[in-house]
Amino acid sequence: MEALLLPSQLIGLYVSTMARAKTSRKSDNASKLIADPAAGPAEPAANCVLCPRLAAYRAENSRMEPQWFNAPVPSFGDPQGRLLIVGLAPGLRGANRTGRPFTGDYAGDLLYQTLLEFGFARGHYRAAIDDGLELTDCMITNAVRCVPPENKPVPSEIASCRPFLAGRISAQKRLVVILALGRIAHDQILSTLALRKVSYPFAHGAMHTLRSEVTLADSFHCSRYNTNTGRLTTEMFRSVFSDIRALLDRPTQKTKI
Ligand code: SF4
């Protein structure tokens, strides 16, 4: 069971997290993407309590399903990857259960099948953290690292988790493309980079050129709901990855280092 902290302790934890971020910040090109005060560590602590509602939900799930992961789900993939995929948040019976983003639910079936097809993964996806799957040139993370009730984080939770996305972006030294799966991820990325949403409207298939030669690609989220309703077809999803692959494979493509 996770211990609940007093408000004064929460503030102390936040301040110390930000202090650690400042001392670990690096002065490379990847960091130039990040607004100065925004970056935190690339991964939150396993007992992060910056969002009291989500911490309480994790504790509740731990009581009901003690064998599940029930913690902030860490990013998965290649720290040297040129592609960073940003989803919304862990699914209750997917990543929150298994401990790996998009692993164990329908969205992961489509995402990992597509990553394998376009050369961003090798091995076999078997919906388990120990299936041996490896990502190549690709990292997957979430806009919000803890499972939210009904898949709906509130704005304050999205904001609280933003420093960790900033840290993850900063840590991807060879970053060329950030793929947003859904509008919330898209908006979280823009806020993390201190860019105006009106200048980069979300649209499936859009490729926005950001500063520092980084492209923001948009896709509808590969959720079961979106695919069942026809909002996102397998072909539409493949098309986004085809565009990303073509961009990364351009002979003139430079990484930011
Ligand atoms: S969602 Fe992010 S900021 Fe909130 S408790 Fe989880 S890891 Fe911490």
# chains A, B, ... in the order shown; residues from 1 in each chain; ligands from 1
$ closest_atom_pairs --of "chain A" --to "ligand 1" --cutoff "8 Å" --atoms "only C-alpha atoms and all ligand atoms" --output "tab-separated table"
residue	atom	partner	partner_atom_place_in_ligand_line	distance
A:Glu43	CA	ligand 1	7 (S)	7.9
A:Pro44	CA	ligand 1	7 (S)	5.2
A:Ala45	CA	ligand 1	7 (S)	7.0
A:Ala46	CA	ligand 1	7 (S)	7.6
A:Asn47	CA	ligand 1	5 (S)	7.8
A:Cys48	CA	ligand 1	8 (Fe)	4.4
A:Val49	CA	ligand 1	5 (S)	4.5
A:Leu50	CA	ligand 1	5 (S)	4.5
A:Cys51	CA	ligand 1	4 (Fe)	4.1
A:Pro52	CA	ligand 1	5 (S)	6.8
A:Leu54	CA	ligand 1	5 (S)	5.8
A:Ala55	CA	ligand 1	5 (S)	5.6
A:Ala71	CA	ligand 1	6 (Fe)	7.6
A:Pro72	CA	ligand 1	7 (S)	4.9
A:Val73	CA	ligand 1	7 (S)	7.9
A:Val144	CA	ligand 1	1 (S)	4.8
A:Arg145	CA	ligand 1	1 (S)	4.7
A:Cys146	CA	ligand 1	6 (Fe)	4.3
A:Val147	CA	ligand 1	1 (S)	7.4
A:Pro148	CA	ligand 1	1 (S)	8.0
A:Glu157	CA	ligand 1	4 (Fe)	5.5
A:Ile158	CA	ligand 1	1 (S)	7.0
A:Ala159	CA	ligand 1	3 (S)	7.8
A:Ser160	CA	ligand 1	3 (S)	4.6
A:Cys161	CA	ligand 1	3 (S)	3.7
A:Arg162	CA	ligand 1	3 (S)	7.4
A:Phe164	CA	ligand 1	2 (Fe)	7.2
$ write_last_selection --atoms "N, CA and C atoms" --output "PDB file, in the first residue's frame"
ATOM      1  N   GLU A  43      11.856  10.216 -16.135  1.00  0.00           N
ATOM      2  CA  GLU A  43      10.906   9.258 -15.560  1.00  0.00           C
ATOM      3  C   GLU A  43      10.551   9.684 -14.140  1.00  0.00           C
ATOM      4  N   PRO A  44       9.268   9.630 -13.788  1.00  0.00           N
ATOM      5  CA  PRO A  44       8.879   9.969 -12.414  1.00  0.00           C
ATOM      6  C   PRO A  44       9.270   8.860 -11.440  1.00  0.00           C
ATOM      7  N   ALA A  45       9.302   9.206 -10.172  1.00  0.00           N
ATOM      8  CA  ALA A  45       9.526   8.190  -9.134  1.00  0.00           C
ATOM      9  C   ALA A  45       8.355   7.214  -9.111  1.00  0.00           C
ATOM     10  N   ALA A  46       8.633   5.989  -8.730  1.00  0.00           N
ATOM     11  CA  ALA A  46       7.592   4.949  -8.720  1.00  0.00           C
ATOM     12  C   ALA A  46       6.467   5.284  -7.750  1.00  0.00           C
ATOM     13  N   ASN A  47       6.759   6.118  -6.767  1.00  0.00           N
ATOM     14  CA  ASN A  47       5.721   6.487  -5.792  1.00  0.00           C
ATOM     15  C   ASN A  47       5.302   7.945  -5.948  1.00  0.00           C
ATOM     16  N   CYS A  48       5.416   8.493  -7.157  1.00  0.00           N
ATOM     17  CA  CYS A  48       5.071   9.901  -7.389  1.00  0.00           C
ATOM     18  C   CYS A  48       3.640  10.189  -6.914  1.00  0.00           C
ATOM     19  N   VAL A  49       3.500  11.266  -6.172  1.00  0.00           N
ATOM     20  CA  VAL A  49       2.185  11.622  -5.627  1.00  0.00           C
ATOM     21  C   VAL A  49       1.810  13.056  -6.005  1.00  0.00           C
ATOM     22  N   LEU A  50       2.367  13.542  -7.104  1.00  0.00           N
ATOM     23  CA  LEU A  50       2.037  14.906  -7.523  1.00  0.00           C
ATOM     24  C   LEU A  50       0.562  15.047  -7.884  1.00  0.00           C
ATOM     25  N   CYS A  51      -0.068  13.954  -8.282  1.00  0.00           N
ATOM     26  CA  CYS A  51      -1.518  13.984  -8.567  1.00  0.00           C
ATOM     27  C   CYS A  51      -2.219  13.149  -7.500  1.00  0.00           C
ATOM     28  N   PRO A  52      -2.772  13.783  -6.473  1.00  0.00           N
ATOM     29  CA  PRO A  52      -3.361  13.006  -5.372  1.00  0.00           C
ATOM     30  C   PRO A  52      -4.463  12.048  -5.831  1.00  0.00           C
ATOM     31  N   LEU A  54      -4.769  10.523  -8.750  1.00  0.00           N
ATOM     32  CA  LEU A  54      -4.197   9.376  -9.450  1.00  0.00           C
ATOM     33  C   LEU A  54      -3.405   8.482  -8.500  1.00  0.00           C
ATOM     34  N   ALA A  55      -2.727   9.094  -7.528  1.00  0.00           N
ATOM     35  CA  ALA A  55      -2.010   8.291  -6.534  1.00  0.00           C
ATOM     36  C   ALA A  55      -2.999   7.446  -5.722  1.00  0.00           C
ATOM     37  N   ALA A  71       1.641   1.583 -10.965  1.00  0.00           N
ATOM     38  CA  ALA A  71       2.608   2.660 -10.675  1.00  0.00           C
ATOM     39  C   ALA A  71       2.747   3.494 -11.939  1.00  0.00           C
ATOM     40  N   PRO A  72       3.430   4.658 -11.859  1.00  0.00           N
ATOM     41  CA  PRO A  72       3.695   5.399 -13.097  1.00  0.00           C
ATOM     42  C   PRO A  72       4.412   4.479 -14.094  1.00  0.00           C
ATOM     43  N   VAL A  73       3.876   4.394 -15.300  1.00  0.00           N
ATOM     44  CA  VAL A  73       4.442   3.456 -16.285  1.00  0.00           C
ATOM     45  C   VAL A  73       5.627   4.123 -16.984  1.00  0.00           C
ATOM     46  N   VAL A 144       0.551  11.400 -19.695  1.00  0.00           N
ATOM     47  CA  VAL A 144       0.283  11.228 -18.263  1.00  0.00           C
ATOM     48  C   VAL A 144       0.719   9.811 -17.914  1.00  0.00           C
ATOM     49  N   ARG A 145       1.551   9.662 -16.903  1.00  0.00           N
ATOM     50  CA  ARG A 145       2.191   8.364 -16.664  1.00  0.00           C
ATOM     51  C   ARG A 145       1.366   7.410 -15.804  1.00  0.00           C
ATOM     52  N   CYS A 146       0.359   7.931 -15.114  1.00  0.00           N
ATOM     53  CA  CYS A 146      -0.449   7.073 -14.243  1.00  0.00           C
ATOM     54  C   CYS A 146      -1.828   6.871 -14.850  1.00  0.00           C
ATOM     55  N   VAL A 147      -2.390   5.704 -14.620  1.00  0.00           N
ATOM     56  CA  VAL A 147      -3.719   5.410 -15.152  1.00  0.00           C
ATOM     57  C   VAL A 147      -4.744   6.351 -14.511  1.00  0.00           C
ATOM     58  N   PRO A 148      -5.553   7.031 -15.334  1.00  0.00           N
ATOM     59  CA  PRO A 148      -6.611   7.873 -14.769  1.00  0.00           C
ATOM     60  C   PRO A 148      -7.950   7.125 -14.794  1.00  0.00           C
ATOM     61  N   GLU A 157      -3.737  17.354 -13.710  1.00  0.00           N
ATOM     62  CA  GLU A 157      -2.886  16.153 -13.756  1.00  0.00           C
ATOM     63  C   GLU A 157      -2.015  16.166 -15.016  1.00  0.00           C
ATOM     64  N   ILE A 158      -2.601  16.609 -16.113  1.00  0.00           N
ATOM     65  CA  ILE A 158      -1.814  16.717 -17.350  1.00  0.00           C
ATOM     66  C   ILE A 158      -0.665  17.702 -17.130  1.00  0.00           C
ATOM     67  N   ALA A 159      -0.965  18.812 -16.455  1.00  0.00           N
ATOM     68  CA  ALA A 159       0.080  19.807 -16.190  1.00  0.00           C
ATOM     69  C   ALA A 159       1.135  19.269 -15.227  1.00  0.00           C
ATOM     70  N   SER A 160       0.697  18.539 -14.212  1.00  0.00           N
ATOM     71  CA  SER A 160       1.655  18.019 -13.224  1.00  0.00           C
ATOM     72  C   SER A 160       2.647  17.047 -13.850  1.00  0.00           C
ATOM     73  N   CYS A 161       2.194  16.296 -14.845  1.00  0.00           N
ATOM     74  CA  CYS A 161       3.069  15.289 -15.456  1.00  0.00           C
ATOM     75  C   CYS A 161       3.933  15.875 -16.578  1.00  0.00           C
ATOM     76  N   ARG A 162       3.694  17.123 -16.936  1.00  0.00           N
ATOM     77  CA  ARG A 162       4.410  17.741 -18.072  1.00  0.00           C
ATOM     78  C   ARG A 162       5.932  17.768 -17.904  1.00  0.00           C
ATOM     79  N   PHE A 164       7.856  15.643 -16.750  1.00  0.00           N
ATOM     80  CA  PHE A 164       8.456  14.346 -17.090  1.00  0.00           C
ATOM     81  C   PHE A 164       8.490  14.139 -18.606  1.00  0.00           C
TER      82      PHE A 164
END
$ select_by_dssp --residues "region 4-193 of chain A" --states "helix (DSSP H, G or I)" --output "NGL selection string"
:A and (7-24 or 30-33 or 52-64 or 95-98 or 106-117 or 149-151 or 155-171 or 183-192)
$ select_by_dssp --residues "region 84-236 of chain A" --states "strand (DSSP E or B)" --output "list in words"
Leu84, Ile85, Val86, Gly87, Ala121, Arg122, Glu134, Leu135, Cys138, Met139, Ile140, Thr141, Asn142, Val177, Ile178, Leu179, Ala180, Leu181, Met207, His208, Thr209, Thr215, Leu216, Ala217, Asp218 and Ser219 of chain A
$ residues_around --residues "region 207-222 of chain A" --least-positions-apart "3" --cutoff "6 Å" --atoms "only C-alpha atoms" --output "number ranges by chain"
A: 107, 176-182, 204
$ write_last_selection --atoms "N, CA and C atoms" --output "compact mmCIF listing (two decimals), in the first residue's frame"
# COMPACT_ATOMS: atom_id res chain seq x y z
N ALA A 107 -5.11 -1.26 -28.07
CA ALA A 107 -4.31 -0.20 -28.68
C ALA A 107 -2.88 -0.70 -28.94
N VAL A 176 14.07 13.40 -33.94
CA VAL A 176 13.70 14.01 -35.23
C VAL A 176 12.18 14.15 -35.34
N VAL A 177 11.44 13.14 -34.87
CA VAL A 177 9.98 13.15 -35.00
C VAL A 177 9.35 12.82 -33.64
N ILE A 178 8.35 13.62 -33.27
CA ILE A 178 7.49 13.27 -32.13
C ILE A 178 6.11 12.96 -32.71
N LEU A 179 5.61 11.77 -32.43
CA LEU A 179 4.28 11.38 -32.90
C LEU A 179 3.30 11.49 -31.74
N ALA A 180 2.29 12.33 -31.92
CA ALA A 180 1.23 12.48 -30.92
C ALA A 180 0.08 11.56 -31.28
N LEU A 181 -0.29 10.69 -30.34
CA LEU A 181 -1.46 9.83 -30.55
C LEU A 181 -2.65 10.49 -29.85
N GLY A 182 -3.36 11.27 -30.61
CA GLY A 182 -4.54 11.94 -30.07
C GLY A 182 -4.28 13.39 -29.70
N HIS A 204 -5.33 14.52 -37.98
CA HIS A 204 -4.75 13.21 -38.30
C HIS A 204 -3.93 13.31 -39.59
$ closest_residue --among "A:Asp109, A:Gly132, A:Ser239, A:Glu60" --to "Ala206 (chain A)" --atoms "only C-alpha atoms"
A:Ser239
$ closest_residue --among "A:Lys152, A:Arg196, A:His124, A:Arg224" --to "Ala89 (chain A)" --atoms "only C-alpha atoms"
A:Lys152
$ atom_distance --atom1 "CA of Ser223 (chain A)" --atom2 "CA of Ala59 (chain A)"
25.4 Å
$ residues_around --residues "Tyr106 (chain A)" --least-positions-apart "4" --cutoff "10 Å" --atoms "only C-alpha atoms" --output "number ranges by chain"
A: 91, 94, 102, 110-111, 127, 222-225, 227
$ write_last_selection --atoms "C-alpha atoms" --output "PDB file, in the first residue's frame"
ATOM      1  CA  GLY A  91      -4.907   1.790 -19.765  1.00  0.00           C
ATOM      2  CA  GLY A  94      -3.175  -2.627 -20.312  1.00  0.00           C
ATOM      3  CA  PHE A 102       0.475   0.069 -24.726  1.00  0.00           C
ATOM      4  CA  LEU A 110      -2.307  -2.182 -33.479  1.00  0.00           C
ATOM      5  CA  LEU A 111       0.625  -0.012 -32.383  1.00  0.00           C
ATOM      6  CA  ALA A 127       1.255  -8.436 -24.883  1.00  0.00           C
ATOM      7  CA  CYS A 222      -5.153   3.801 -31.858  1.00  0.00           C
ATOM      8  CA  SER A 223      -7.799   2.946 -29.240  1.00  0.00           C
ATOM      9  CA  ARG A 224     -10.365   0.236 -29.672  1.00  0.00           C
ATOM     10  CA  TYR A 225     -13.083   2.913 -29.658  1.00  0.00           C
ATOM     11  CA  THR A 227     -10.956   1.724 -34.648  1.00  0.00           C
TER      12      THR A 227
END
$ atom_distance --atom1 "CA of Arg231 (chain A)" --atom2 "CA of Ala185 (chain A)"
17.2 Å
$ closest_residue --among "A:Leu116, A:Ile184, A:Leu247, A:Val154" --to "Arg53 (chain A)" --atoms "only C-alpha atoms"
A:Val154
$ closest_residue --among "A:Ala56, A:Met64, A:Ala39, A:Leu115" --to "Ile244 (chain A)" --atoms "only C-alpha atoms"
A:Leu115
$ closest_residue --among "A:Thr136, A:Thr98, A:Tyr112, A:Asp243" --to "Gly77 (chain A)" --atoms "only C-alpha atoms"
A:Thr136
